[in-house]
>>> print(open('entry10.cif').read())   # mmCIF, C-alpha atoms and all ligand atoms
data_target
loop_
_atom_site.label_atom_id
_atom_site.label_comp_id
_atom_site.auth_asym_id
_atom_site.auth_seq_id
_atom_site.Cartn_x
_atom_site.Cartn_y
_atom_site.Cartn_z
CA MET U 256 0.00 0.00 0.00
CA ASN U 257 1.17 3.46 -0.87
CA LYS U 258 2.23 5.41 2.22
CA TYR U 259 0.14 8.44 1.21
CA GLN U 260 -3.39 7.97 -0.10
CA LYS U 261 -6.07 10.27 -1.42
CA TYR U 262 -9.17 10.30 0.78
CA LEU U 263 -12.24 9.64 -1.32
CA PRO U 264 -15.29 10.28 0.88
CA THR U 265 -18.32 8.02 0.55
CA LYS U 266 -21.73 8.45 2.17
CA SER U 267 -21.16 7.51 5.82
CA ASN U 268 -22.46 7.72 9.36
CA ILE U 269 -20.01 10.09 11.04
CA LEU U 270 -19.39 11.03 14.65
CA VAL U 271 -17.10 14.01 15.17
CA LEU U 272 -15.39 14.26 18.55
CA ALA U 273 -14.26 17.85 19.03
CA PRO U 274 -12.86 19.02 22.38
CA HIS U 275 -13.98 22.60 21.57
CA PRO U 276 -16.26 24.28 19.04
CA ASP U 277 -13.82 25.29 16.24
CA ASP U 278 -11.64 22.13 16.34
CA GLU U 279 -14.07 20.39 13.98
CA VAL U 280 -13.70 23.20 11.43
CA ILE U 281 -9.92 23.62 11.80
CA GLY U 282 -9.13 19.91 11.55
CA CYS U 283 -11.77 18.41 9.27
CA GLY U 284 -14.22 21.16 8.28
CA GLY U 285 -13.50 20.85 4.55
CA THR U 286 -13.87 17.08 4.60
CA LEU U 287 -17.12 17.34 6.57
CA LEU U 288 -18.43 19.72 3.89
CA LEU U 289 -17.59 17.11 1.24
CA HIS U 290 -19.45 14.52 3.32
CA LYS U 291 -22.41 16.85 3.73
CA ASN U 292 -22.63 17.13 -0.07
CA LEU U 293 -22.71 13.31 -0.31
CA GLY U 294 -25.57 13.10 2.17
CA SER U 295 -23.54 11.60 5.03
CA ILE U 296 -25.07 11.61 8.50
CA ILE U 297 -22.93 13.81 10.76
CA ASN U 298 -23.24 14.19 14.55
CA CYS U 299 -20.86 16.04 16.82
CA VAL U 300 -19.84 15.65 20.47
CA TYR U 301 -17.89 18.50 22.08
CA LEU U 302 -16.00 18.19 25.35
CA ASN U 303 -16.78 21.75 26.51
CA ARG U 304 -17.54 25.22 25.19
CA SER U 305 -13.97 26.58 25.67
CA GLU U 306 -15.72 29.04 27.97
CA GLN U 307 -12.38 29.55 29.77
CA SER U 308 -10.71 30.84 26.60
CA ARG U 309 -8.49 33.91 27.05
CA PHE U 310 -10.54 35.56 24.30
CA LEU U 311 -13.58 35.57 26.60
CA THR U 312 -11.93 37.08 29.69
CA GLY U 313 -14.18 39.61 31.42
CA ILE U 314 -17.45 38.24 30.03
CA PRO U 315 -19.74 36.64 32.67
CA LEU U 316 -19.80 32.83 32.51
CA GLU U 317 -23.46 32.59 31.54
CA GLU U 318 -22.90 34.97 28.65
CA ARG U 319 -19.78 33.08 27.51
CA VAL U 320 -21.73 29.84 27.41
CA LYS U 321 -24.53 31.46 25.44
CA ILE U 322 -22.12 32.94 22.89
CA ARG U 323 -20.21 29.70 22.37
CA GLU U 324 -23.31 27.52 22.08
CA ALA U 325 -24.85 29.91 19.57
CA GLU U 326 -21.68 29.91 17.44
CA ALA U 327 -21.46 26.10 17.53
CA ALA U 328 -25.13 25.75 16.55
CA LYS U 329 -24.73 28.10 13.58
CA VAL U 330 -21.64 26.30 12.32
CA ALA U 331 -23.26 22.88 12.84
CA GLN U 332 -26.14 23.91 10.63
CA GLU U 333 -23.76 24.98 7.83
CA LEU U 334 -21.72 21.78 8.19
CA GLY U 335 -24.81 19.59 7.97
CA VAL U 336 -24.41 18.33 11.54
CA SER U 337 -27.70 16.82 12.76
CA ASN U 338 -27.08 16.79 16.52
CA THR U 339 -24.52 18.41 18.81
CA HIS U 340 -23.78 17.52 22.44
CA PHE U 341 -21.49 18.90 25.13
CA LEU U 342 -19.98 16.36 27.53
CA CYS U 343 -19.06 18.87 30.28
CA ASP U 344 -21.61 20.75 32.33
CA LEU U 345 -21.79 24.53 32.33
CA ASN U 346 -19.21 25.04 35.04
CA PHE U 347 -16.49 23.24 33.15
CA LYS U 348 -16.49 20.47 35.73
CA ILE U 349 -14.64 17.49 34.39
CA LYS U 350 -16.12 14.46 36.08
CA ASP U 351 -14.22 11.75 34.26
CA ASP U 352 -16.47 8.77 34.91
CA LEU U 353 -19.67 10.56 33.97
CA LEU U 354 -18.14 11.99 30.82
CA LYS U 355 -16.68 8.65 29.79
CA ASN U 356 -20.02 7.00 30.34
CA SER U 357 -21.78 9.55 28.12
CA LEU U 358 -19.15 9.15 25.42
CA ALA U 359 -19.59 5.36 25.49
CA VAL U 360 -23.36 5.74 25.08
CA PHE U 361 -22.94 8.09 22.10
CA ILE U 362 -20.57 5.69 20.34
CA ASN U 363 -21.93 2.24 21.27
CA LYS U 364 -25.66 2.95 21.38
CA LYS U 365 -26.85 6.27 20.04
CA TYR U 366 -24.79 6.76 16.87
CA ARG U 367 -22.76 3.60 16.11
CA PRO U 368 -20.62 5.52 13.58
CA ASP U 369 -18.79 4.16 10.52
CA ILE U 370 -16.23 6.92 11.01
CA ILE U 371 -15.06 8.77 14.13
CA PHE U 372 -13.20 12.04 13.56
CA ILE U 373 -11.03 13.03 16.56
CA PRO U 374 -7.96 15.27 17.07
CA TRP U 375 -5.09 12.82 16.58
CA TYR U 376 -3.65 11.47 19.84
CA GLY U 377 -0.37 13.41 19.51
CA ASP U 378 -2.09 16.81 19.66
CA ASP U 379 -0.49 18.76 22.50
CA HIS U 380 -3.54 20.60 23.87
CA PRO U 381 -4.38 18.99 27.25
CA GLU U 382 -8.11 18.73 26.45
CA HIS U 383 -7.37 17.20 23.06
CA VAL U 384 -5.27 14.62 24.91
CA LEU U 385 -8.16 14.13 27.35
CA ILE U 386 -10.73 13.18 24.70
CA ASN U 387 -8.27 10.61 23.34
CA GLN U 388 -7.72 9.29 26.85
CA TYR U 389 -11.48 8.91 27.33
CA LEU U 390 -11.80 7.07 24.01
CA SER U 391 -9.04 4.66 25.03
CA GLU U 392 -10.56 3.98 28.46
CA ILE U 393 -14.21 3.29 27.62
CA LYS U 394 -15.52 -0.16 26.84
CA LEU U 395 -16.25 -0.20 23.12
CA ASP U 396 -18.59 -2.52 21.27
CA MET U 397 -16.65 -5.41 19.66
CA ASP U 398 -18.31 -4.95 16.25
CA LEU U 399 -17.45 -1.25 16.20
CA LEU U 400 -13.84 -1.97 17.16
CA LYS U 401 -13.55 -4.05 13.99
CA SER U 402 -15.62 -2.01 11.56
CA THR U 403 -15.38 1.65 12.60
CA LEU U 404 -12.64 3.80 11.10
CA VAL U 405 -10.93 6.51 13.11
CA ILE U 406 -9.76 9.57 11.23
CA GLY U 407 -7.41 11.60 13.41
CA TYR U 408 -7.28 15.27 12.43
CA GLU U 409 -4.70 17.96 13.17
CA VAL U 410 -5.45 21.09 15.18
CA TRP U 411 -2.52 22.44 17.22
CA THR U 412 0.07 19.77 16.48
CA PRO U 413 0.64 18.65 12.90
CA ILE U 414 0.33 14.89 12.42
CA PHE U 415 3.77 13.31 12.36
CA ARG U 416 2.87 10.68 9.76
CA PRO U 417 -0.43 11.41 8.05
CA ASN U 418 -1.59 8.66 5.68
CA ILE U 419 -4.65 10.12 3.94
CA PHE U 420 -5.28 13.51 2.36
CA SER U 421 -8.58 15.06 1.47
CA ASN U 422 -8.75 17.55 -1.38
CA ILE U 423 -10.78 20.45 0.02
CA THR U 424 -9.95 23.01 -2.67
CA ASP U 425 -13.57 23.33 -3.80
CA VAL U 426 -14.88 23.99 -0.29
CA LEU U 427 -11.95 25.93 1.20
CA GLN U 428 -13.71 29.29 1.12
CA ILE U 429 -16.74 27.83 2.93
CA LYS U 430 -14.45 26.24 5.53
CA LEU U 431 -12.77 29.62 6.16
CA SER U 432 -16.15 31.35 6.41
CA LEU U 433 -17.20 28.79 9.05
CA LEU U 434 -14.02 29.42 11.00
CA LYS U 435 -14.85 33.12 10.98
CA MET U 436 -18.20 32.34 12.58
CA TYR U 437 -16.21 31.43 15.70
CA HIS U 438 -15.67 35.14 16.16
CA SER U 439 -15.60 35.00 20.00
CA VAL U 440 -12.41 32.89 20.11
CA GLY U 441 -10.52 34.65 17.34
CA GLY U 442 -11.75 32.59 14.38
CA ASP U 443 -11.95 35.70 12.26
CA SER U 444 -8.45 36.96 13.06
CA TYR U 445 -5.12 35.29 12.33
CA TYR U 446 -6.54 31.76 12.67
CA SER U 447 -8.10 31.47 9.26
CA GLU U 448 -4.92 32.54 7.42
CA ALA U 449 -2.84 30.10 9.49
CA ILE U 450 -5.20 27.18 8.87
CA LYS U 451 -5.34 28.04 5.17
CA GLY U 452 -1.53 27.90 5.15
CA MET U 453 -1.56 24.46 6.74
CA ASN U 454 -4.10 23.18 4.19
CA ARG U 455 -1.98 24.64 1.39
CA PHE U 456 1.11 22.86 2.72
CA ARG U 457 -0.76 19.55 2.95
CA SER U 458 -1.58 19.75 -0.79
CA LEU U 459 2.08 18.91 -1.45
CA TYR U 460 1.63 15.26 -0.45
CA VAL U 461 -0.71 13.64 -3.00
CA TYR U 462 -2.14 16.56 -4.98
CA GLY U 463 1.11 17.85 -6.49
CA GLY U 464 1.03 21.08 -4.49
CA VAL U 465 -2.16 22.19 -6.21
CA GLY U 466 -5.00 23.59 -4.12
CA TYR U 467 -5.73 22.80 -0.48
CA SER U 468 -5.85 19.57 1.47
CA GLU U 469 -6.62 18.28 4.97
CA ALA U 470 -4.23 15.62 6.29
CA PHE U 471 -5.34 12.75 8.52
CA MET U 472 -4.22 9.64 10.29
CA GLU U 473 -6.69 6.90 9.41
CA MET U 474 -6.84 3.48 11.08
CA SER U 475 -9.33 1.02 12.49
CA LEU U 476 -10.86 1.90 15.87
CA ARG U 477 -9.09 -1.10 17.39
CA ASP U 478 -5.66 -0.05 16.06
CA TYR U 479 -6.26 3.56 17.05
CA ILE U 480 -6.98 2.58 20.67
CA VAL U 481 -3.72 0.59 20.74
CA ALA U 482 -1.88 3.58 19.27
CA ILE U 483 -3.30 5.97 21.91
CA LYS U 484 -2.31 3.65 24.73
CA LYS U 485 1.22 3.24 23.38
CA SER U 486 1.60 7.00 23.05
CA PHE U 487 0.55 7.57 26.68
CA HIS U 488 3.08 5.10 28.11
ZN ZN A 1 -9.57 22.59 20.87
#
>>> encode(input="entry10.cif", output="structure tokens")
Amino acid sequence: MNKYQKYLPTKSNILVLAPHPDDEVIGCGGTLLLHKNLGSIINCVYLNRSEQSRFLTGIPLEERVKIREAEAAKVAQELGVSNTHFLCDLNFKIKDDLLKNSLAVFINKKYRPDIIFIPWYGDDHPEHVLINQYLSEIKLDMDLLKSTLVIGYEVWTPIFRPNIFSNITDVLQIKLSLLKMYHSVGGDSYYSEAIKGMNRFRSLYVYGGVGYSEAFMEMSLRDYIVAIKKSFH
């Protein structure tokens, strides 16, 4: 098998795990737009609302929550996301067992996805690490372990060895406009140019440096869990 492959999306049942509203756009927004156009089912589980973001300093908590939920809902609609959920409660309390239990229900019972998108396990942000830790610690359905694909996306730490690349040239402008909708956490400032630069760089791998591409680490759910555990030890 070639080390680098083109990602050719097919109609799928997708669950996006995003620690914060904006990660889903930064890491896989273009690819989700391609899936939306194919009629894929897309649902999204966030860890929290990044209500502690430095961008929101000085705004009362209740207001921060309102702003972030409204932004996420607007973006979800544009991305074709059917349902969104937040694992953490409004006070940013991380109660590991409760959160893990909810995550297990979303994966094993409620959505049973063909594909899980998640920030790849090497991403440095502590809450991006946390969602990977949760995924590795919950009891997953045996059938899903065999059949579900994990597509790890890059947010704050580029993937060391990506293996699939999605050509998002046709939807890049929409992706950038979605990022800008996350106005409250700086999505309309330097972020969009930086992410565009990353997607431009990733076009060098299998698209001859033409256009824009999102890079991913794709593997079976079972192999991905093994990879997370290895990386944590
Ligand atoms: Zn994040």
>>> residues_around(input="entry10.cif", residues="Phe415 of chain U", least_positions_apart="6", cutoff="12 Å", atoms="only C-alpha atoms", output="PyMOL selection string")
chain U and resi 375-378+407-409+470-472
>>> write_last_selection(input="entry10.cif", atoms="C-alpha atoms", output="PDB file, in the frame of the given file")
ATOM      1  CA  TRP U 375      -5.090  12.820  16.580  1.00  0.00           C
ATOM      2  CA  TYR U 376      -3.650  11.470  19.840  1.00  0.00           C
ATOM      3  CA  GLY U 377      -0.370  13.410  19.510  1.00  0.00           C
ATOM      4  CA  ASP U 378      -2.090  16.810  19.660  1.00  0.00           C
ATOM      5  CA  GLY U 407      -7.410  11.600  13.410  1.00  0.00           C
ATOM      6  CA  TYR U 408      -7.280  15.270  12.430  1.00  0.00           C
ATOM      7  CA  GLU U 409      -4.700  17.960  13.170  1.00  0.00           C
ATOM      8  CA  ALA U 470      -4.230  15.620   6.290  1.00  0.00           C
ATOM      9  CA  PHE U 471      -5.340  12.750   8.520  1.00  0.00           C
ATOM     10  CA  MET U 472      -4.220   9.640  10.290  1.00  0.00           C
TER      11      MET U 472
END
>>> closest_residue(input="entry10.cif", among="U:His275, U:Arg304, U:Arg457, U:Lys451", to="Asn422 of chain U", atoms="all atoms listed in the file")
U:Arg457
>>> residues_near_ligand(input="entry10.cif", ligand="ligand ZN 1 (chain A)", cutoff="7 Å", atoms="only C-alpha atoms and all ligand atoms", output="list in words")
Ala273, Pro274, His275, Asp277, Asp278, Glu382 and His383 of chain U
>>> closest_residue(input="entry10.cif", among="U:Ser447, U:Ser468, U:Ser486, U:Asn292", to="Gly335 of chain U", atoms="only C-alpha atoms")
U:Asn292
>>> closest_residue(input="entry10.cif", among="U:Gln388, U:Gln332, U:Ser267, U:Asn418", to="Leu433 of chain U", atoms="only C-alpha atoms")
U:Gln332
>>> closest_residue(input="entry10.cif", among="U:Lys430, U:Lys364, U:Lys266, U:Lys401", to="Arg477 of chain U", atoms="all atoms listed in the file")
U:Lys401
>>> decode(input="entry10.cif", residues="segment 415-440 of chain U", atoms="N, CA and C atoms", output="short mmCIF file (atom, residue, chain, number, x, y, z; two decimals), in the first residue's frame")
data_model
loop_
_atom_site.label_atom_id
_atom_site.label_comp_id
_atom_site.auth_asym_id
_atom_site.auth_seq_id
_atom_site.Cartn_x
_atom_site.Cartn_y
_atom_site.Cartn_z
N PHE U 415 2.40 13.70 12.69
CA PHE U 415 3.77 13.31 12.36
C PHE U 415 3.80 12.48 11.07
N ARG U 416 2.92 11.49 10.98
CA ARG U 416 2.87 10.68 9.76
C ARG U 416 1.44 10.53 9.27
N PRO U 417 0.92 11.56 8.59
CA PRO U 417 -0.43 11.41 8.05
C PRO U 417 -0.43 10.36 6.95
N ASN U 418 -1.56 9.66 6.76
CA ASN U 418 -1.59 8.66 5.68
C ASN U 418 -2.69 8.92 4.66
N ILE U 419 -3.66 9.79 4.96
CA ILE U 419 -4.65 10.12 3.94
C ILE U 419 -4.83 11.65 3.85
N PHE U 420 -5.20 12.08 2.65
CA PHE U 420 -5.28 13.51 2.36
C PHE U 420 -6.54 13.78 1.57
N SER U 421 -7.30 14.74 2.07
CA SER U 421 -8.58 15.06 1.47
C SER U 421 -8.46 16.37 0.69
N ASN U 422 -8.86 16.35 -0.56
CA ASN U 422 -8.75 17.55 -1.38
C ASN U 422 -9.94 18.47 -1.10
N ILE U 423 -9.68 19.56 -0.40
CA ILE U 423 -10.78 20.45 0.02
C ILE U 423 -10.80 21.76 -0.78
N THR U 424 -10.07 21.77 -1.89
CA THR U 424 -9.95 23.01 -2.67
C THR U 424 -11.31 23.64 -2.97
N ASP U 425 -12.27 22.80 -3.39
CA ASP U 425 -13.57 23.33 -3.80
C ASP U 425 -14.39 23.91 -2.65
N VAL U 426 -14.08 23.51 -1.43
CA VAL U 426 -14.88 23.99 -0.29
C VAL U 426 -14.06 24.85 0.68
N LEU U 427 -12.82 25.17 0.28
CA LEU U 427 -11.95 25.93 1.20
C LEU U 427 -12.59 27.23 1.67
N GLN U 428 -13.16 27.98 0.74
CA GLN U 428 -13.71 29.29 1.12
C GLN U 428 -14.86 29.13 2.12
N ILE U 429 -15.64 28.06 1.96
CA ILE U 429 -16.74 27.83 2.93
C ILE U 429 -16.13 27.47 4.29
N LYS U 430 -15.11 26.60 4.27
CA LYS U 430 -14.45 26.24 5.53
C LYS U 430 -13.96 27.50 6.25
N LEU U 431 -13.31 28.40 5.53
CA LEU U 431 -12.77 29.62 6.16
C LEU U 431 -13.90 30.51 6.67
N SER U 432 -15.03 30.53 5.94
CA SER U 432 -16.15 31.35 6.41
C SER U 432 -16.75 30.75 7.69
N LEU U 433 -16.70 29.42 7.82
CA LEU U 433 -17.20 28.79 9.05
C LEU U 433 -16.29 29.12 10.23
N LEU U 434 -14.99 29.10 9.94
CA LEU U 434 -14.02 29.42 11.00
C LEU U 434 -14.27 30.84 11.52
N LYS U 435 -14.59 31.72 10.59
CA LYS U 435 -14.85 33.12 10.98
C LYS U 435 -16.09 33.25 11.84
N MET U 436 -17.00 32.30 11.74
CA MET U 436 -18.20 32.34 12.58
C MET U 436 -17.85 32.15 14.06
N TYR U 437 -16.66 31.56 14.31
CA TYR U 437 -16.21 31.43 15.70
C TYR U 437 -15.49 32.72 16.12
N HIS U 438 -16.18 33.79 15.91
CA HIS U 438 -15.67 35.14 16.16
C HIS U 438 -15.16 35.29 17.61
N SER U 439 -15.91 34.73 18.58
CA SER U 439 -15.60 35.00 20.00
C SER U 439 -14.25 34.44 20.43
N VAL U 440 -13.72 33.45 19.72
CA VAL U 440 -12.41 32.89 20.11
C VAL U 440 -11.35 33.15 19.03
#
